file model-v1.txt (compact mmCIF, C-alpha atoms)
# COMPACT_ATOMS: atom_id res chain seq x y z
CA MET A 3 -83.88 30.45 -208.21
CA ILE A 4 -86.37 27.72 -207.31
CA SER A 5 -87.77 26.02 -210.37
CA SER A 6 -91.52 25.57 -210.86
CA THR A 7 -90.82 21.98 -211.87
CA GLY A 8 -89.31 21.01 -208.50
CA GLY A 9 -86.01 19.35 -207.72
CA THR A 10 -83.20 19.50 -205.17
CA ALA A 11 -80.84 22.23 -204.04
CA THR A 12 -77.66 22.17 -201.93
CA ILE A 13 -76.98 24.80 -199.29
CA THR A 14 -73.30 25.19 -198.33
CA ALA A 15 -71.92 27.23 -195.44
CA SER A 16 -68.22 27.91 -194.77
CA SER A 17 -66.20 29.86 -192.24
CA PRO A 18 -62.51 30.79 -192.43
CA GLY A 19 -60.39 30.56 -189.29
CA ALA A 20 -56.84 30.50 -188.01
CA GLY A 21 -56.86 26.76 -188.10
CA GLY A 22 -58.22 26.69 -191.63
CA ALA A 23 -61.60 27.06 -193.24
CA ILE A 24 -64.43 24.76 -192.30
CA SER A 25 -67.56 24.11 -194.27
CA GLY A 26 -70.71 22.04 -194.32
CA SER A 27 -73.66 21.49 -196.60
CA ALA A 28 -77.24 20.27 -196.59
CA LYS A 29 -79.56 19.19 -199.35
CA LEU A 30 -83.04 20.66 -199.70
CA THR A 31 -85.78 18.94 -201.69
CA TYR A 32 -88.49 21.24 -203.03
CA ARG A 33 -91.62 20.67 -205.07
CA SER A 34 -93.50 22.90 -207.45
CA ARG A 35 -96.82 24.59 -207.08
CA SER A 36 -99.67 22.86 -208.89
CA ILE A 37 -102.47 24.30 -211.00
CA SER A 38 -105.65 22.80 -212.39
CA VAL A 39 -108.48 24.10 -214.55
CA VAL A 40 -112.03 22.77 -214.68
CA THR A 41 -115.06 23.83 -216.75
CA ASP A 42 -118.66 23.43 -215.57
CA ASN A 43 -119.62 21.85 -218.90
CA SER A 44 -117.54 19.69 -221.23
CA SER A 45 -119.88 20.52 -224.14
CA ILE A 46 -121.55 23.88 -224.81
CA TRP A 47 -123.55 25.43 -227.63
CA SER A 48 -121.81 27.75 -230.04
CA GLY A 49 -122.23 31.29 -228.72
CA SER A 50 -123.15 30.23 -225.18
CA SER A 51 -121.24 30.61 -221.91
CA ALA A 52 -120.16 28.45 -218.98
CA ASN A 53 -118.01 28.78 -215.85
CA VAL A 54 -114.32 27.95 -215.52
CA THR A 55 -112.45 27.48 -212.23
CA VAL A 56 -108.67 27.55 -211.75
CA GLN A 57 -107.13 26.08 -208.60
CA VAL A 58 -103.58 26.81 -207.42
CA LYS A 59 -102.02 24.76 -204.61
CA ASP A 60 -98.69 24.55 -202.83
CA ALA A 61 -96.45 21.48 -202.63
CA SER A 62 -98.46 20.14 -199.70
CA GLY A 63 -101.77 20.52 -201.49
CA GLY A 64 -102.77 23.61 -199.58
CA ALA A 65 -104.61 26.47 -201.24
CA LEU A 66 -102.50 29.38 -202.45
CA ALA A 67 -104.23 32.75 -202.28
CA GLY A 68 -103.17 35.85 -204.20
CA GLN A 69 -101.68 33.93 -207.14
CA THR A 70 -101.85 35.65 -210.53
CA VAL A 71 -103.80 33.61 -213.11
CA THR A 72 -104.00 34.12 -216.87
CA LEU A 73 -106.50 32.34 -219.14
CA SER A 74 -106.17 31.83 -222.89
CA GLY A 75 -107.81 29.83 -225.67
CA THR A 76 -108.63 29.83 -229.39
CA ASP A 77 -112.19 30.87 -230.37
CA VAL A 78 -112.91 31.56 -226.69
CA SER A 79 -113.62 34.81 -224.89
CA PHE A 80 -113.49 35.24 -221.11
CA GLY A 81 -115.44 37.30 -218.63
CA LYS A 82 -112.04 38.31 -217.23
CA ALA A 83 -108.95 36.57 -218.58
CA ASN A 84 -106.66 37.74 -215.75
CA GLY A 85 -107.09 37.73 -212.01
CA THR A 86 -105.83 36.42 -208.65
CA THR A 87 -106.82 33.41 -206.59
CA ASP A 88 -109.07 33.86 -203.55
CA SER A 89 -108.57 32.50 -200.02
CA SER A 90 -109.40 29.00 -201.28
CA GLY A 91 -106.74 29.23 -203.98
CA LYS A 92 -109.36 29.52 -206.72
CA TYR A 93 -109.99 31.95 -209.55
CA LYS A 94 -113.40 31.77 -211.21
CA THR A 95 -114.78 33.45 -214.34
CA THR A 96 -116.92 32.69 -217.39
CA PHE A 97 -115.95 31.68 -220.90
CA THR A 98 -117.92 31.93 -224.15
CA SER A 99 -117.51 29.85 -227.30
CA THR A 100 -117.11 32.14 -230.31
CA THR A 101 -116.28 29.47 -232.89
CA GLN A 102 -118.00 29.32 -236.27
CA ALA A 103 -116.30 26.07 -237.29
CA THR A 104 -117.95 22.92 -238.55
CA PRO A 105 -118.09 20.02 -237.79
CA PRO A 106 -118.37 20.58 -234.02
CA PRO A 107 -114.78 21.19 -232.88
CA SER A 108 -112.93 20.65 -229.62
CA ARG A 109 -111.43 23.71 -228.00
CA THR A 110 -108.91 24.07 -225.17
CA ILE A 111 -108.69 26.55 -222.30
CA THR A 112 -105.24 27.02 -220.77
CA ALA A 113 -104.60 28.53 -217.34
CA SER A 114 -101.14 29.67 -216.22
CA SER A 115 -99.76 31.19 -213.06
CA SER A 116 -96.35 32.79 -212.68
CA SER A 117 -94.29 33.54 -209.59
CA ALA A 118 -90.64 33.90 -208.61
CA GLY A 119 -90.39 30.13 -208.80
CA GLY A 120 -91.48 30.00 -212.43
CA THR A 121 -94.70 29.34 -214.35
CA VAL A 122 -97.12 26.45 -214.00
CA SER A 123 -99.94 25.75 -216.45
CA ALA A 124 -102.80 23.32 -217.10
CA SER A 125 -105.52 22.90 -219.71
CA ALA A 126 -109.10 21.70 -220.05
CA SER A 127 -110.96 20.85 -223.26
CA PHE A 128 -114.59 21.26 -224.23
CA THR A 129 -116.65 20.43 -227.31
CA VAL A 130 -118.68 23.05 -229.16
CA LYS A 131 -122.19 21.96 -230.04
CA ARG A 132 -123.85 23.64 -232.98
CA THR A 133 -127.45 24.65 -233.53
CA LEU A 134 -128.38 24.38 -237.20
CA ASN A 135 -130.68 27.00 -238.65
CA TYR A 136 -131.68 26.00 -242.16
CA ARG A 137 -134.15 26.85 -244.89
CA ILE A 138 -134.96 25.37 -248.29
CA SER A 139 -136.15 27.40 -251.24
CA VAL A 140 -136.81 27.06 -254.97
CA ALA A 141 -136.24 29.73 -257.60
CA SER A 142 -139.74 29.05 -258.96
CA ASN A 143 -142.49 27.18 -257.14
CA ARG A 144 -144.65 26.83 -260.26
CA LEU A 145 -143.46 24.60 -263.08
CA ALA A 146 -144.86 23.59 -266.45
CA LEU A 147 -144.09 20.12 -267.75
CA GLY A 148 -140.39 19.94 -268.71
CA GLU A 149 -139.41 23.15 -266.89
CA THR A 150 -136.59 23.23 -264.36
CA THR A 151 -135.91 25.23 -261.21
CA THR A 152 -133.03 25.60 -258.78
CA ALA A 153 -133.50 24.27 -255.25
CA SER A 154 -131.21 25.69 -252.55
CA MET A 155 -130.55 24.78 -248.94
CA THR A 156 -129.01 27.45 -246.72
CA VAL A 157 -127.49 26.43 -243.38
CA GLN A 158 -126.34 28.74 -240.57
CA ASN A 159 -125.35 28.30 -236.94
CA SER A 160 -127.10 29.79 -233.91
CA MET A 161 -125.05 32.98 -234.29
CA GLY A 162 -126.28 33.50 -237.86
CA TYR A 163 -122.98 32.60 -239.52
CA ALA A 164 -122.91 30.45 -242.67
CA LEU A 165 -121.86 26.84 -242.05
CA ALA A 166 -119.73 25.26 -244.75
CA GLY A 167 -119.29 21.50 -245.11
CA VAL A 168 -122.72 20.48 -243.82
CA SER A 169 -124.17 17.48 -245.68
CA VAL A 170 -127.41 17.89 -247.64
CA LYS A 171 -129.36 15.18 -249.47
CA TYR A 172 -132.34 16.15 -251.64
CA SER A 173 -135.54 14.26 -252.35
CA VAL A 174 -138.58 15.09 -254.50
CA GLY A 175 -142.21 14.06 -254.78
CA THR A 176 -144.31 12.70 -257.62
CA GLY A 177 -143.83 14.43 -260.99
CA LEU A 178 -140.39 15.84 -260.15
CA ALA A 179 -136.87 14.57 -260.79
CA ILE A 180 -133.50 15.75 -259.51
CA THR A 181 -131.31 16.49 -262.52
CA GLY A 182 -128.43 18.03 -260.59
CA ALA A 183 -126.45 16.54 -257.72
CA GLN A 184 -128.71 14.79 -255.24
CA SER A 185 -126.30 15.12 -252.33
CA GLY A 186 -123.31 17.22 -251.36
CA THR A 187 -122.10 19.74 -248.79
CA THR A 188 -122.72 23.44 -248.26
CA ASN A 189 -120.21 25.92 -249.66
CA SER A 190 -118.50 28.82 -247.86
CA SER A 191 -121.80 30.72 -248.01
CA GLY A 192 -123.58 27.84 -246.30
CA VAL A 193 -125.50 26.90 -249.46
CA PHE A 194 -125.90 23.68 -251.45
CA SER A 195 -128.05 23.84 -254.59
CA THR A 196 -129.32 21.43 -257.21
CA THR A 197 -131.59 21.43 -260.27
CA VAL A 198 -135.09 19.96 -260.29
CA ARG A 199 -137.22 19.24 -263.39
CA ARG A 200 -140.94 18.64 -263.70
CA THR A 201 -141.30 15.30 -265.46
CA GLY A 202 -144.95 14.43 -264.94
CA ASP A 203 -148.27 15.19 -263.31
CA PHE A 204 -148.48 16.35 -259.72
CA GLU A 205 -150.67 14.78 -257.09
CA SER A 206 -154.14 16.20 -256.54
CA ARG A 207 -155.64 16.00 -253.05
CA GLY A 208 -159.12 17.08 -254.09
CA PRO A 209 -160.95 19.98 -255.67
CA ALA A 210 -160.02 22.35 -252.86
CA TYR A 211 -156.28 21.91 -253.48
CA GLU A 212 -153.98 22.75 -256.35
CA PRO A 213 -152.01 19.82 -257.81
CA SER A 214 -148.61 19.93 -256.11
CA SER A 215 -145.40 18.11 -255.33
CA TYR A 216 -142.45 18.91 -253.09
CA VAL A 217 -138.70 19.31 -252.87
CA GLY A 218 -137.20 18.20 -249.56
CA ALA A 219 -133.80 17.49 -248.04
CA VAL A 220 -132.12 15.88 -245.05
CA VAL A 221 -129.55 18.16 -243.40
CA ASP A 222 -126.49 16.90 -241.52
CA GLY A 223 -127.62 13.31 -241.96
CA ASP A 224 -130.39 13.74 -239.38
CA PRO A 225 -133.92 12.79 -240.54
CA GLY A 226 -135.19 15.23 -237.93
CA ASN A 227 -133.66 18.02 -240.02
CA SER A 228 -135.79 17.53 -243.13
CA PRO A 229 -137.44 20.74 -244.41
CA SER A 230 -139.43 20.79 -247.63
CA VAL A 231 -141.04 23.29 -249.99
CA SER A 232 -144.12 22.84 -252.18
CA VAL A 233 -144.04 23.10 -255.97
CA TYR A 234 -147.25 23.67 -257.97
CA ALA A 235 -148.30 23.05 -261.55
CA LYS A 236 -148.18 25.95 -263.96
call {"tool": "encode", "arguments": {"input": "model-v1.txt", "output": "structure tokens"}}
result
Amino acid sequence: MISSTGGTATITASSPGAGGAISGSAKLTYRSRSISVVTDNSSIWSGSSANVTVQVKDASGGALAGQTVTLSGTDVSFGKANGTTDSSGKYKTTFTSTTQATPPPSRTITASSSSAGGTVSASASFTVKRTLNYRISVASNRLALGETTTASMTVQNSMGYALAGVSVKYSVGTGLAITGAQSGTTNSSGVFSTTVRRTGDFESRGPAYEPSSYVGAVVDGDPGNSPSVSVYAK
């Protein structure tokens, strides 16, 4: 059997005769097939798709058609995980990131091809980017002096799944104080909560507006992710 890893083999021939047996041998050097896998994008959004191409070649670098290819990966789905190479020695399909993990993880796609000579395989990695969907809320948006309320930040990914371990840091406006934890990370439900107390007067922007303050937060350490909610005087 010829190994997929390459090597050498010896061929021996012999022939018996009246004068005695004669024999001879020759050495044959052989090399394996090669396989490679390439993705169109090295970084994709969670829940989105991209193309993957597998190339199978012979020992001389020529394209090998009709080779069986199998694709596998964790938290990855494929348009078609099994197929055969075309006349250019390539097999193409799509892959979709199905991961819900946080922080953004790296995932690997592995392609393998088997024949009588054995199995060859190769891998390619890609990073999953996450889209954060978040909202901030308070249990009560009207507070009398000295009253408290619970502020909660809920974080999900683009697929609507809760994201645990995302950093949240709260801030408040005039007349409010954070009496719980100011910063922390979301739990398995994608939520991080704290307690806020009204400690003084709220700002007044004129007779047409109610006196108000706010509870805000920075999500994932990015000032661009900084929702807030208004709190009014009771």
call {"tool": "closest_residue", "arguments": {"input": "model-v1.txt", "among": "A:Thr41, A:Tyr211, A:Leu165, A:Asn135", "to": "Tyr93 of chain A", "atoms": "all atoms listed in the file"}}
result
A:Thr41
call {"tool": "atom_distance", "arguments": {"input": "model-v1.txt", "atom1": "atom CA of Lys59 of chain A", "atom2": "atom CA of Thr98 of chain A"}}
result
26.2 Å
call {"tool": "residues_around", "arguments": {"input": "model-v1.txt", "residues": "segment 78-88 of chain A", "least_positions_apart": "3", "cutoff": "10 Å", "atoms": "only C-alpha atoms", "output": "compact mmCIF listing (two decimals) with C-alpha atoms, keeping the file's coordinate frame"}}
result
# COMPACT_ATOMS: atom_id res chain seq x y z
CA GLY A 49 -122.23 31.29 -228.72
CA SER A 51 -121.24 30.61 -221.91
CA ALA A 52 -120.16 28.45 -218.98
CA ASN A 53 -118.01 28.78 -215.85
CA VAL A 54 -114.32 27.95 -215.52
CA THR A 55 -112.45 27.48 -212.23
CA VAL A 56 -108.67 27.55 -211.75
CA GLN A 57 -107.13 26.08 -208.60
CA VAL A 58 -103.58 26.81 -207.42
CA ALA A 65 -104.61 26.47 -201.24
CA LEU A 66 -102.50 29.38 -202.45
CA ALA A 67 -104.23 32.75 -202.28
CA GLY A 68 -103.17 35.85 -204.20
CA GLN A 69 -101.68 33.93 -207.14
CA THR A 70 -101.85 35.65 -210.53
CA VAL A 71 -103.80 33.61 -213.11
CA THR A 72 -104.00 34.12 -216.87
CA LEU A 73 -106.50 32.34 -219.14
CA SER A 74 -106.17 31.83 -222.89
CA GLY A 75 -107.81 29.83 -225.67
CA GLY A 91 -106.74 29.23 -203.98
CA LYS A 92 -109.36 29.52 -206.72
CA TYR A 93 -109.99 31.95 -209.55
CA LYS A 94 -113.40 31.77 -211.21
CA THR A 95 -114.78 33.45 -214.34
CA THR A 96 -116.92 32.69 -217.39
CA PHE A 97 -115.95 31.68 -220.90
CA THR A 98 -117.92 31.93 -224.15
CA SER A 99 -117.51 29.85 -227.30
CA THR A 100 -117.11 32.14 -230.31
CA THR A 101 -116.28 29.47 -232.89
CA ARG A 109 -111.43 23.71 -228.00
CA THR A 110 -108.91 24.07 -225.17
CA ILE A 111 -108.69 26.55 -222.30
CA ALA A 113 -104.60 28.53 -217.34
CA SER A 114 -101.14 29.67 -216.22
CA SER A 115 -99.76 31.19 -213.06
call {"tool": "atom_distance", "arguments": {"input": "model-v1.txt", "atom1": "atom CA of Pro213 of chain A", "atom2": "atom CA of Val231 of chain A"}}
result
13.9 Å
call {"tool": "atom_distance", "arguments": {"input": "model-v1.txt", "atom1": "atom CA of Val221 of chain A", "atom2": "atom CA of Ser169 of chain A"}}
result
5.9 Å
call {"tool": "closest_residue", "arguments": {"input": "model-v1.txt", "among": "A:Ser90, A:Asn159, A:Thr181, A:Ser108", "to": "Ile46 of chain A", "atoms": "only C-alpha atoms"}}
result
A:Ser108
call {"tool": "residues_around", "arguments": {"input": "model-v1.txt", "residues": "Gly182 of chain A", "least_positions_apart": "4", "cutoff": "9 Å", "atoms": "only C-alpha atoms", "output": "MDAnalysis selection string"}}
result
chainID A and resid 195:198
call {"tool": "residues_around", "arguments": {"input": "model-v1.txt", "residues": "Val157 of chain A", "least_positions_apart": "2", "cutoff": "7 Å", "atoms": "all atoms listed in the file", "output": "list in words"}}
result
Leu134, Asn135, Tyr136, Arg137, Met155, Ala164, Leu165, Gly192 and Val193 of chain A
call {"tool": "residues_around", "arguments": {"input": "model-v1.txt", "residues": "Ser232 of chain A", "least_positions_apart": "6", "cutoff": "12 Å", "atoms": "all atoms listed in the file", "output": "list of chain:residue names"}}
result
A:Ile138, A:Ser139, A:Val140, A:Ala141, A:Ser142, A:Asn143, A:Arg144, A:Leu145, A:Ala153, A:Val174, A:Gly175, A:Thr176, A:Leu178, A:Phe204, A:Glu205, A:Glu212, A:Pro213, A:Ser214, A:Ser215, A:Tyr216, A:Val217, A:Gly218
call {"tool": "axis_aligned_box", "arguments": {"input": "model-v1.txt", "around": "segment 215-219 of chain A", "padding_each_side": "6 Å", "output": "lines of an AutoDock Vina configuration file"}}
result
center_x = -139.6
center_y = 18.4
center_z = -251.7
size_x = 23.6
size_y = 13.8
size_z = 19.3
call {"tool": "closest_residue", "arguments": {"input": "model-v1.txt", "among": "A:Ser191, A:Thr201, A:Ser116, A:Thr133", "to": "Asp222 of chain A", "atoms": "all atoms listed in the file"}}
result
A:Thr133
call {"tool": "closest_residue", "arguments": {"input": "model-v1.txt", "among": "A:Ser89, A:Ser48, A:Thr151, A:Ser206", "to": "Tyr163 of chain A", "atoms": "all atoms listed in the file"}}
result
A:Ser48
call {"tool": "closest_residue", "arguments": {"input": "model-v1.txt", "among": "A:Lys236, A:Ser34, A:Ala219, A:Asp203", "to": "Thr121 of chain A", "atoms": "all atoms listed in the file"}}
result
A:Ser34
call {"tool": "closest_residue", "arguments": {"input": "model-v1.txt", "among": "A:Thr156, A:Thr129, A:Ser190, A:Thr150", "to": "Gly177 of chain A", "atoms": "all atoms listed in the file"}}
result
A:Thr150
call {"tool": "residues_around", "arguments": {"input": "model-v1.txt", "residues": "Trp47 of chain A", "least_positions_apart": "6", "cutoff": "7 Å", "atoms": "all atoms listed in the file", "output": "short mmCIF file (atom, residue, chain, number, x, y, z; two decimals) with C-alpha atoms, in the coordinates of the input"}}
result
data_model
loop_
_atom_site.label_atom_id
_atom_site.label_comp_id
_atom_site.auth_asym_id
_atom_site.auth_seq_id
_atom_site.Cartn_x
_atom_site.Cartn_y
_atom_site.Cartn_z
CA VAL A 130 -118.68 23.05 -229.16
CA LYS A 131 -122.19 21.96 -230.04
CA ARG A 132 -123.85 23.64 -232.98
#
call {"tool": "decode", "arguments": {"input": "model-v1.txt", "residues": "segment 67-102 of chain A", "atoms": "C-alpha atoms", "output": "PDB file, in the first residue's frame"}}
result
ATOM      1  CA  ALA A  67     -10.259  15.675 -10.185  1.00  0.00           C
ATOM      2  CA  GLY A  68     -12.827  13.328  -8.672  1.00  0.00           C
ATOM      3  CA  GLN A  69     -11.252  13.287  -5.201  1.00  0.00           C
ATOM      4  CA  THR A  70     -13.635  12.814  -2.277  1.00  0.00           C
ATOM      5  CA  VAL A  71     -13.533  15.737   0.178  1.00  0.00           C
ATOM      6  CA  THR A  72     -15.019  15.953   3.677  1.00  0.00           C
ATOM      7  CA  LEU A  73     -15.307  19.183   5.682  1.00  0.00           C
ATOM      8  CA  SER A  74     -15.681  19.473   9.451  1.00  0.00           C
ATOM      9  CA  GLY A  75     -15.511  22.124  12.158  1.00  0.00           C
ATOM     10  CA  THR A  76     -16.855  23.130  15.578  1.00  0.00           C
ATOM     11  CA  ASP A  77     -19.694  25.698  15.628  1.00  0.00           C
ATOM     12  CA  VAL A  78     -19.686  25.659  11.820  1.00  0.00           C
ATOM     13  CA  SER A  79     -22.290  24.446   9.359  1.00  0.00           C
ATOM     14  CA  PHE A  80     -21.621  23.802   5.667  1.00  0.00           C
ATOM     15  CA  GLY A  81     -23.663  24.202   2.525  1.00  0.00           C
ATOM     16  CA  LYS A  82     -22.502  20.673   1.672  1.00  0.00           C
ATOM     17  CA  ALA A  83     -19.896  19.045   3.901  1.00  0.00           C
ATOM     18  CA  ASN A  84     -19.051  16.256   1.421  1.00  0.00           C
ATOM     19  CA  GLY A  85     -18.290  16.326  -2.272  1.00  0.00           C
ATOM     20  CA  THR A  86     -15.729  15.665  -5.018  1.00  0.00           C
ATOM     21  CA  THR A  87     -13.160  17.894  -6.665  1.00  0.00           C
ATOM     22  CA  ASP A  88     -13.850  19.331 -10.119  1.00  0.00           C
ATOM     23  CA  SER A  89     -11.569  19.319 -13.183  1.00  0.00           C
ATOM     24  CA  SER A  90      -9.359  21.943 -11.513  1.00  0.00           C
ATOM     25  CA  GLY A  91      -8.958  19.775  -8.419  1.00  0.00           C
ATOM     26  CA  LYS A  92     -11.166  22.078  -6.350  1.00  0.00           C
ATOM     27  CA  TYR A  93     -14.229  21.589  -4.182  1.00  0.00           C
ATOM     28  CA  LYS A  94     -16.154  24.723  -3.233  1.00  0.00           C
ATOM     29  CA  THR A  95     -19.017  25.281  -0.795  1.00  0.00           C
ATOM     30  CA  THR A  96     -20.198  27.744   1.857  1.00  0.00           C
ATOM     31  CA  PHE A  97     -19.778  27.720   5.616  1.00  0.00           C
ATOM     32  CA  THR A  98     -21.772  29.528   8.302  1.00  0.00           C
ATOM     33  CA  SER A  99     -20.638  30.514  11.788  1.00  0.00           C
ATOM     34  CA  THR A 100     -23.127  29.234  14.362  1.00  0.00           C
ATOM     35  CA  THR A 101     -21.154  30.112  17.494  1.00  0.00           C
ATOM     36  CA  GLN A 102     -22.712  31.929  20.431  1.00  0.00           C
TER      37      GLN A 102
END
